[in-house]
>>> print(open('data02.cif').read())   # mmCIF, C-alpha atoms and all ligand atoms
data_upload
loop_
_atom_site.label_atom_id
_atom_site.label_comp_id
_atom_site.auth_asym_id
_atom_site.auth_seq_id
_atom_site.Cartn_x
_atom_site.Cartn_y
_atom_site.Cartn_z
CA MET A 1 75.68 113.40 90.43
CA PHE A 2 74.13 112.09 93.64
CA PRO A 3 70.35 111.59 93.57
CA ASP A 4 68.40 114.55 94.94
CA ASP A 5 67.40 112.67 98.06
CA PHE A 6 70.98 111.65 98.83
CA LEU A 7 71.49 114.22 101.56
CA ASP A 8 68.01 113.54 102.91
CA ARG A 9 69.03 109.95 103.39
CA ILE A 10 72.13 110.78 105.41
CA LEU A 11 71.12 114.07 107.02
CA GLY A 12 67.40 113.61 107.47
CA SER A 13 64.86 115.70 105.56
CA SER A 14 64.44 118.32 108.31
CA THR A 15 67.91 119.80 107.87
CA THR A 16 67.89 123.59 108.15
CA VAL A 17 70.46 126.23 107.37
CA THR A 18 71.86 127.73 110.53
CA THR A 19 74.32 130.48 111.19
CA ALA A 20 76.19 128.49 113.82
CA THR A 21 79.11 126.50 112.51
CA GLY A 22 78.51 123.62 114.90
CA SER A 23 80.76 120.63 115.17
CA PRO A 24 80.45 116.89 114.93
CA THR A 25 79.25 115.26 118.11
CA LYS A 26 81.67 112.40 117.70
CA SER A 27 84.40 111.38 115.33
CA LEU A 28 85.07 108.17 113.50
CA GLY A 29 86.91 106.07 115.99
CA SER A 30 89.76 108.37 116.84
CA GLY A 31 90.47 111.97 117.60
CA SER A 32 92.53 112.22 114.44
CA SER A 33 89.63 111.46 112.09
CA THR A 34 88.33 114.42 110.13
CA PHE A 35 85.08 112.85 108.98
CA PRO A 36 82.14 111.71 111.08
CA ASP A 37 80.16 108.54 110.58
CA ALA A 38 76.66 108.42 109.07
CA GLU A 39 74.88 108.45 112.44
CA CYS A 40 76.79 111.55 113.41
CA LEU A 41 75.95 113.26 110.11
CA GLN A 42 72.26 113.08 111.00
CA ASP A 43 72.92 115.35 113.98
CA MET A 44 74.71 117.97 111.90
CA SER A 45 73.40 121.14 110.34
CA ILE A 46 74.10 121.63 106.65
CA ASP A 47 76.45 124.48 107.56
CA ALA A 48 78.39 122.27 109.94
CA LEU A 49 78.70 119.69 107.18
CA ALA A 50 79.82 122.41 104.77
CA ASP A 51 82.47 123.52 107.29
CA LEU A 52 83.65 119.94 107.50
CA ILE A 53 84.18 119.48 103.79
CA GLU A 54 85.43 122.99 103.03
CA ASP A 55 89.15 123.08 102.23
CA ASP A 56 89.25 119.32 101.93
CA SER A 57 92.18 117.81 100.07
CA ILE A 58 92.66 114.24 98.96
CA SER A 59 95.28 111.94 97.49
CA SER A 60 94.96 108.31 96.52
CA ALA A 61 96.89 105.18 95.62
CA PHE A 62 95.77 102.05 93.77
CA SER A 63 92.33 103.56 93.31
CA GLY A 64 91.81 102.91 89.61
CA VAL A 65 89.78 105.66 87.99
CA ALA A 66 89.64 108.01 90.99
CA ALA A 67 86.51 106.77 92.75
CA PRO A 68 87.52 108.45 96.07
CA GLU A 69 88.17 111.78 94.39
CA VAL A 70 84.99 111.64 92.31
CA ALA A 71 82.98 110.72 95.42
CA SER A 72 84.43 113.75 97.23
CA LEU A 73 83.55 116.05 94.34
CA LEU A 74 80.02 114.64 94.10
CA PHE A 75 79.50 114.95 97.84
CA HIS A 76 80.72 118.54 97.67
CA ASP A 77 78.30 119.19 94.81
CA ALA A 78 75.40 117.67 96.76
CA VAL A 79 76.09 119.87 99.79
CA GLN A 80 76.48 122.96 97.59
CA ARG A 81 73.16 122.29 95.87
CA ARG A 82 71.46 121.77 99.23
CA LEU A 83 72.83 125.10 100.49
CA LEU A 84 71.50 126.91 97.42
CA LEU A 85 68.13 125.17 97.64
CA MET A 86 67.82 126.36 101.23
CA GLY A 87 68.53 129.94 100.28
CA SER A 88 72.14 130.14 101.41
CA GLN A 89 74.53 132.31 99.38
CA ARG A 90 77.51 130.30 100.57
CA GLN A 91 79.92 129.14 97.85
CA LEU A 92 81.98 126.17 98.98
CA ARG A 93 85.55 125.80 97.83
CA LYS A 94 86.00 122.53 95.94
CA PRO A 95 88.13 119.72 97.37
CA LYS A 96 91.71 119.84 96.16
CA ILE A 97 92.91 116.71 94.39
CA LEU A 98 96.64 116.48 94.98
CA GLY A 99 97.87 113.31 93.36
CA PHE A 100 97.44 109.69 92.34
CA ILE A 101 99.63 106.62 92.45
CA GLU A 102 98.34 104.19 89.83
CA TRP A 103 100.02 101.80 87.42
CA ASP A 104 97.19 100.57 85.18
CA ARG A 105 97.66 102.29 81.81
CA GLU A 106 93.99 102.65 81.00
CA CYS A 107 93.26 104.06 84.45
CA ILE A 108 96.15 106.52 84.08
CA GLU A 109 94.57 107.90 80.90
CA GLU A 110 91.34 108.51 82.84
CA LEU A 111 93.21 110.05 85.75
CA LYS A 112 94.97 112.51 83.46
CA LEU A 113 91.64 114.30 82.93
CA LEU A 114 91.23 115.04 86.64
CA ALA A 115 94.95 115.64 87.08
CA ALA A 116 94.93 118.36 84.41
CA GLU A 117 92.01 120.11 86.07
CA HIS A 118 93.63 120.09 89.51
CA ASP A 119 97.31 120.26 88.49
CA ALA A 120 97.67 116.95 90.33
CA CYS A 121 100.55 114.52 89.90
CA ILE A 122 100.32 110.94 88.70
CA HIS A 123 103.05 108.59 89.85
CA THR A 124 102.88 105.30 88.01
CA ASN A 125 105.02 102.98 90.11
CA ILE A 126 104.98 103.08 93.88
CA ALA A 127 108.22 101.08 94.01
CA GLU A 128 110.02 104.12 92.55
CA PHE A 129 109.61 105.77 95.93
CA PHE A 130 112.01 103.31 97.54
CA LYS A 131 115.31 105.06 98.20
CA PRO A 132 117.91 104.36 95.47
CA GLU A 133 120.34 102.91 98.03
CA LEU A 134 117.82 100.10 98.66
CA LYS A 135 117.71 99.10 94.98
CA GLU A 136 119.69 95.88 95.44
CA VAL A 137 117.78 94.91 98.57
CA ILE A 138 114.47 95.41 96.75
CA GLU A 139 115.65 93.35 93.78
CA GLN A 140 116.69 90.53 96.08
CA LEU A 141 113.37 90.68 97.91
CA ARG A 142 111.52 90.46 94.62
CA LEU A 143 113.16 87.06 94.21
CA ARG A 144 112.38 86.07 97.80
CA PRO A 145 109.35 88.14 98.82
CA SER A 146 108.68 85.88 101.80
CA LEU A 147 111.54 87.71 103.55
CA ALA A 148 110.29 91.22 102.76
CA LEU A 149 108.27 91.86 105.89
CA GLU A 150 111.13 90.79 108.17
CA VAL A 151 113.93 92.48 106.21
CA LEU A 152 112.31 95.62 104.84
CA GLY A 153 109.59 96.09 107.45
CA PRO A 154 111.87 97.54 110.16
CA ILE A 155 113.53 99.91 107.65
CA VAL A 156 110.11 101.12 106.52
CA LYS A 157 108.91 101.55 110.09
CA ALA A 158 112.01 103.55 110.99
CA GLY A 159 111.16 105.95 108.14
CA ASN A 160 114.27 105.05 106.15
CA ALA A 161 112.86 103.15 103.15
CA VAL A 162 111.18 105.74 100.95
CA ARG A 163 111.69 109.25 99.64
CA GLY A 164 108.84 111.64 98.91
CA CYS A 165 109.40 112.03 95.18
CA ALA A 166 109.31 109.93 92.03
CA ARG A 167 108.76 110.44 88.31
CA CYS A 168 105.40 112.03 87.52
CA VAL A 169 103.79 111.44 84.13
CA VAL A 170 101.75 114.64 84.27
CA HIS A 171 104.66 117.01 84.65
CA SER A 172 107.18 115.04 82.58
CA THR A 173 106.91 116.94 79.32
CA GLY A 174 109.09 118.23 76.50
CA LYS A 175 112.67 118.70 77.65
CA ASN A 176 111.95 117.36 81.10
CA MET A 177 110.83 113.81 80.38
CA PHE A 178 111.75 112.53 83.85
CA LYS A 179 110.31 115.18 86.13
CA MET A 180 110.51 114.10 89.73
CA CYS A 181 107.52 115.47 91.63
CA HIS A 182 107.15 115.50 95.40
CA LEU A 183 104.03 114.06 96.98
CA LYS A 184 101.90 116.62 98.79
CA VAL A 185 100.34 116.01 102.19
CA ALA A 186 96.57 115.75 101.78
CA LYS A 187 94.05 115.97 104.59
CA ARG A 188 92.81 112.57 103.53
CA HIS A 189 94.53 109.73 101.76
CA VAL A 190 92.56 106.81 100.29
CA ALA A 191 94.10 103.60 98.95
CA GLY A 192 93.02 100.21 97.73
CA THR A 193 96.23 98.31 98.32
CA SER A 194 96.75 95.10 96.36
CA CYS A 195 94.30 92.39 97.41
CA THR A 196 95.33 89.52 95.16
CA ALA A 197 97.42 87.82 97.85
CA HIS A 198 94.64 88.09 100.45
CA SER A 199 91.57 87.31 98.39
CA SER A 200 89.93 83.88 98.52
CA GLN A 201 90.10 83.97 94.72
CA GLY A 202 93.75 85.03 94.69
CA ASN A 203 96.98 83.14 95.25
CA GLN A 204 96.50 82.98 99.05
CA LEU A 205 100.16 83.86 99.66
CA GLY A 206 99.34 86.78 101.96
CA ALA A 207 102.45 88.62 103.16
CA LEU A 208 104.65 86.09 101.35
CA ASP A 209 103.59 87.42 97.96
CA GLU A 210 105.62 89.96 95.96
CA THR A 211 102.83 92.52 96.40
CA ILE A 212 104.00 92.92 100.01
CA LEU A 213 106.76 95.13 98.59
CA TYR A 214 104.20 97.58 97.24
CA PHE A 215 102.26 97.49 100.49
CA LEU A 216 105.47 98.30 102.37
CA ALA A 217 106.21 101.18 99.99
CA TRP A 218 102.70 102.50 100.65
CA CYS A 219 103.26 102.22 104.42
CA GLY A 220 106.59 104.01 104.05
CA LEU A 221 104.83 106.89 102.30
CA ARG A 222 102.26 107.17 105.09
CA ILE A 223 105.08 107.33 107.63
CA HIS A 224 106.79 109.96 105.47
CA LEU A 225 103.70 112.12 104.89
CA GLN A 226 101.56 111.32 107.95
CA GLU A 227 98.20 112.46 106.58
CA ALA A 228 95.64 113.11 109.31
CA ASP A 229 93.16 110.60 107.91
CA VAL A 230 94.02 107.47 105.93
CA THR A 231 91.54 104.98 104.49
CA GLN A 232 92.88 101.67 103.22
CA GLU A 233 90.48 99.31 101.47
CA ASN A 234 91.09 95.63 100.87
CA VAL A 235 89.28 92.28 100.98
CA SER A 236 87.71 91.10 104.22
CA GLY A 237 90.50 88.54 104.63
CA PHE A 238 93.16 91.24 104.80
CA PRO A 239 95.20 90.73 107.99
CA THR A 240 94.79 94.14 109.59
CA GLY A 241 96.75 93.39 112.75
CA PRO A 242 99.76 91.56 111.31
CA LEU A 243 100.20 94.12 108.51
CA LEU A 244 98.55 97.47 109.10
CA VAL A 245 98.86 97.66 112.88
CA ARG A 246 102.36 96.22 112.73
CA MET A 247 103.54 98.85 110.26
CA LEU A 248 101.49 101.93 111.18
CA GLY A 249 100.07 101.24 114.64
CA HIS A 250 102.76 103.37 116.28
CA LEU A 251 101.50 106.46 114.40
CA TYR A 252 97.81 105.87 113.80
CA PHE A 253 94.71 104.75 115.64
CA ILE A 254 93.55 101.93 113.36
CA GLU A 255 89.96 100.82 113.07
CA ALA A 256 88.87 97.94 110.80
CA CYS A 257 85.37 98.10 109.31
CA ASP A 258 83.90 95.21 107.35
CA LEU A 259 81.68 96.62 104.63
CA ASP A 260 79.10 95.18 102.31
CA PRO A 261 77.99 97.26 99.29
CA THR A 262 74.39 96.10 99.76
CA GLU A 263 74.33 98.30 102.87
CA PHE A 264 74.77 101.29 100.55
CA GLY A 265 72.07 100.25 98.09
CA GLN A 266 74.23 98.26 95.66
CA LEU A 267 72.84 95.06 94.22
CA ASP A 268 76.06 93.08 94.23
CA ARG A 269 77.50 91.65 97.43
CA THR A 270 81.27 91.72 98.01
CA HIS A 271 82.92 91.88 101.38
CA THR A 272 85.65 94.44 101.86
CA ARG A 273 87.57 95.76 104.83
ZN ZN A 301 103.80 116.05 89.02
#
>>> encode(input="data02.cif", output="structure tokens", more="lines below")
Ligand SMILES: [Zn+2]
Amino acid sequence: MFPDDFLDRILGSSTTVTTATGSPTKSLGSGSSTFPDAECLQDMSIDALADLIEDDSISSAFSGVAAPEVASLLFHDAVQRRLLLMGSQRQLRKPKILGFIEWDRECIEELKLLAAEHDACIHTNIAEFFKPELKEVIEQLRLRPSLALEVLGPIVKAGNAVRGCARCVVHSTGKNMFKMCHLKVAKRHVAGTSCTAHSSQGNQLGALDETILYFLAWCGLRIHLQEADVTQENVSGFPTGPLLVRMLGHLYFIEACDLDPTEFGQLDRTHTR
């Protein structure tokens, strides 16, 4: 649960309930963004904020134990409590959690709890979304990943590399042990794509590392689903232009933000983008 003064910190303590729905005065970088930045939030009424988060839906990839989804639920809870405290009768609909892509076994066990509550899917291997006809190409590129961006990149960008379904561990039960579930289009998608090749403490191989295959699969899924708002988190050394803009710049306005957790009150300092 967020601390009681959480909304005070981002909205200001003088927030009042209004009957007008209002709208954000500016959006985050592009017209396609659905969420405003913190400065903008301070100009919003609690009702306008409630309108913004009502009917939210979210999916994630490589996000471990569902931090983006839990943050959305906690934020929803904080706004709901504020509405009640201010005398509003409004009951907000909870954010819908649509699905996870995650391969860490321990994380998957945690995710199953949320997945059961929201009837969400869990896909455990993003490479399973590559089209079956590319199987040999993918296997060859695993042996020579330095060629992946040149060989597979154009196929991904043309929308021909991935399909929208793969085996889901939530709905594979009993007689149907290999249930193929389709990904659903969320309003927001959040992902922490692999950072090991880009981190100063990693192997420093960048786009030449095998993990580029998983990044390309993730890009292919964005091209396939085209969520309105996508957040991708990585280390500050992640090459936004050569990778993200190259693969998704034709569909999305892309803004890179360098973040430091100390700006949000955390004690540890790590730089992420
Ligand atoms: Zn499923």
>>> atom_distance(input="data02.cif", atom1="atom CA of His182 of chain A", atom2="atom CA of Gly164 of chain A")
5.5 Å
>>> residues_near_ligand(input="data02.cif", ligand="ligand ZN 301 (chain A)", cutoff="9 Å", atoms="all atoms listed in the file", output="ChimeraX atom specification")
/A:99,119-123,166-172,179-183
>>> closest_residue(input="data02.cif", among="A:Ala71, A:Leu208, A:Leu114, A:Ala197", to="Phe238 of chain A", atoms="only C-alpha atoms")
A:Ala197
>>> residues_around(input="data02.cif", residues="Lys94 of chain A", least_positions_apart="3", cutoff="10 Å", atoms="only C-alpha atoms", output="ChimeraX atom specification")
/A:53-57,72-73,76-77,80,91,97
>>> closest_residue(input="data02.cif", among="A:Arg246, A:Ala116, A:Ile254, A:Ser236", to="Arg273 of chain A", atoms="all atoms listed in the file")
A:Ser236
>>> closest_residue(input="data02.cif", among="A:Phe100, A:Phe178, A:Phe129, A:Phe75", to="Leu49 of chain A", atoms="only C-alpha atoms")
A:Phe75
>>> atom_distance(input="data02.cif", atom1="atom CA of Val151 of chain A", atom2="atom CA of Asn125 of chain A")
21.2 Å
>>> residues_around(input="data02.cif", residues="Cys219 of chain A", least_positions_apart="4", cutoff="12 Å", atoms="all atoms listed in the file", output="VMD selection string")
chain A and resid 61 126 to 127 129 to 130 149 152 to 163 189 191 193 212 to 215 223 to 227 230 232 243 to 252
>>> closest_residue(input="data02.cif", among="A:Ala78, A:Cys107, A:Val190, A:Val235", to="Leu259 of chain A", atoms="only C-alpha atoms")
A:Val235
>>> atom_distance(input="data02.cif", atom1="atom CA of Ser60 of chain A", atom2="atom CA of Thr211 of chain A")
17.6 Å
>>> residues_around(input="data02.cif", residues="Leu205 of chain A", least_positions_apart="4", cutoff="12 Å", atoms="only C-alpha atoms", output="list of chain:residue names")
A:Pro145, A:Ser146, A:Cys195, A:Thr196, A:Ala197, A:His198, A:Ser199, A:Ser200, A:Gln201, A:Asp209, A:Glu210, A:Thr211, A:Ile212, A:Gly237, A:Phe238, A:Pro239
>>> closest_residue(input="data02.cif", among="A:Ser63, A:Asp260, A:Val185, A:Ala217", to="Glu110 of chain A", atoms="only C-alpha atoms")
A:Ser63
>>> closest_residue(input="data02.cif", among="A:Phe253, A:Thr124, A:Ala148, A:Asn176", to="Glu109 of chain A", atoms="all atoms listed in the file")
A:Thr124
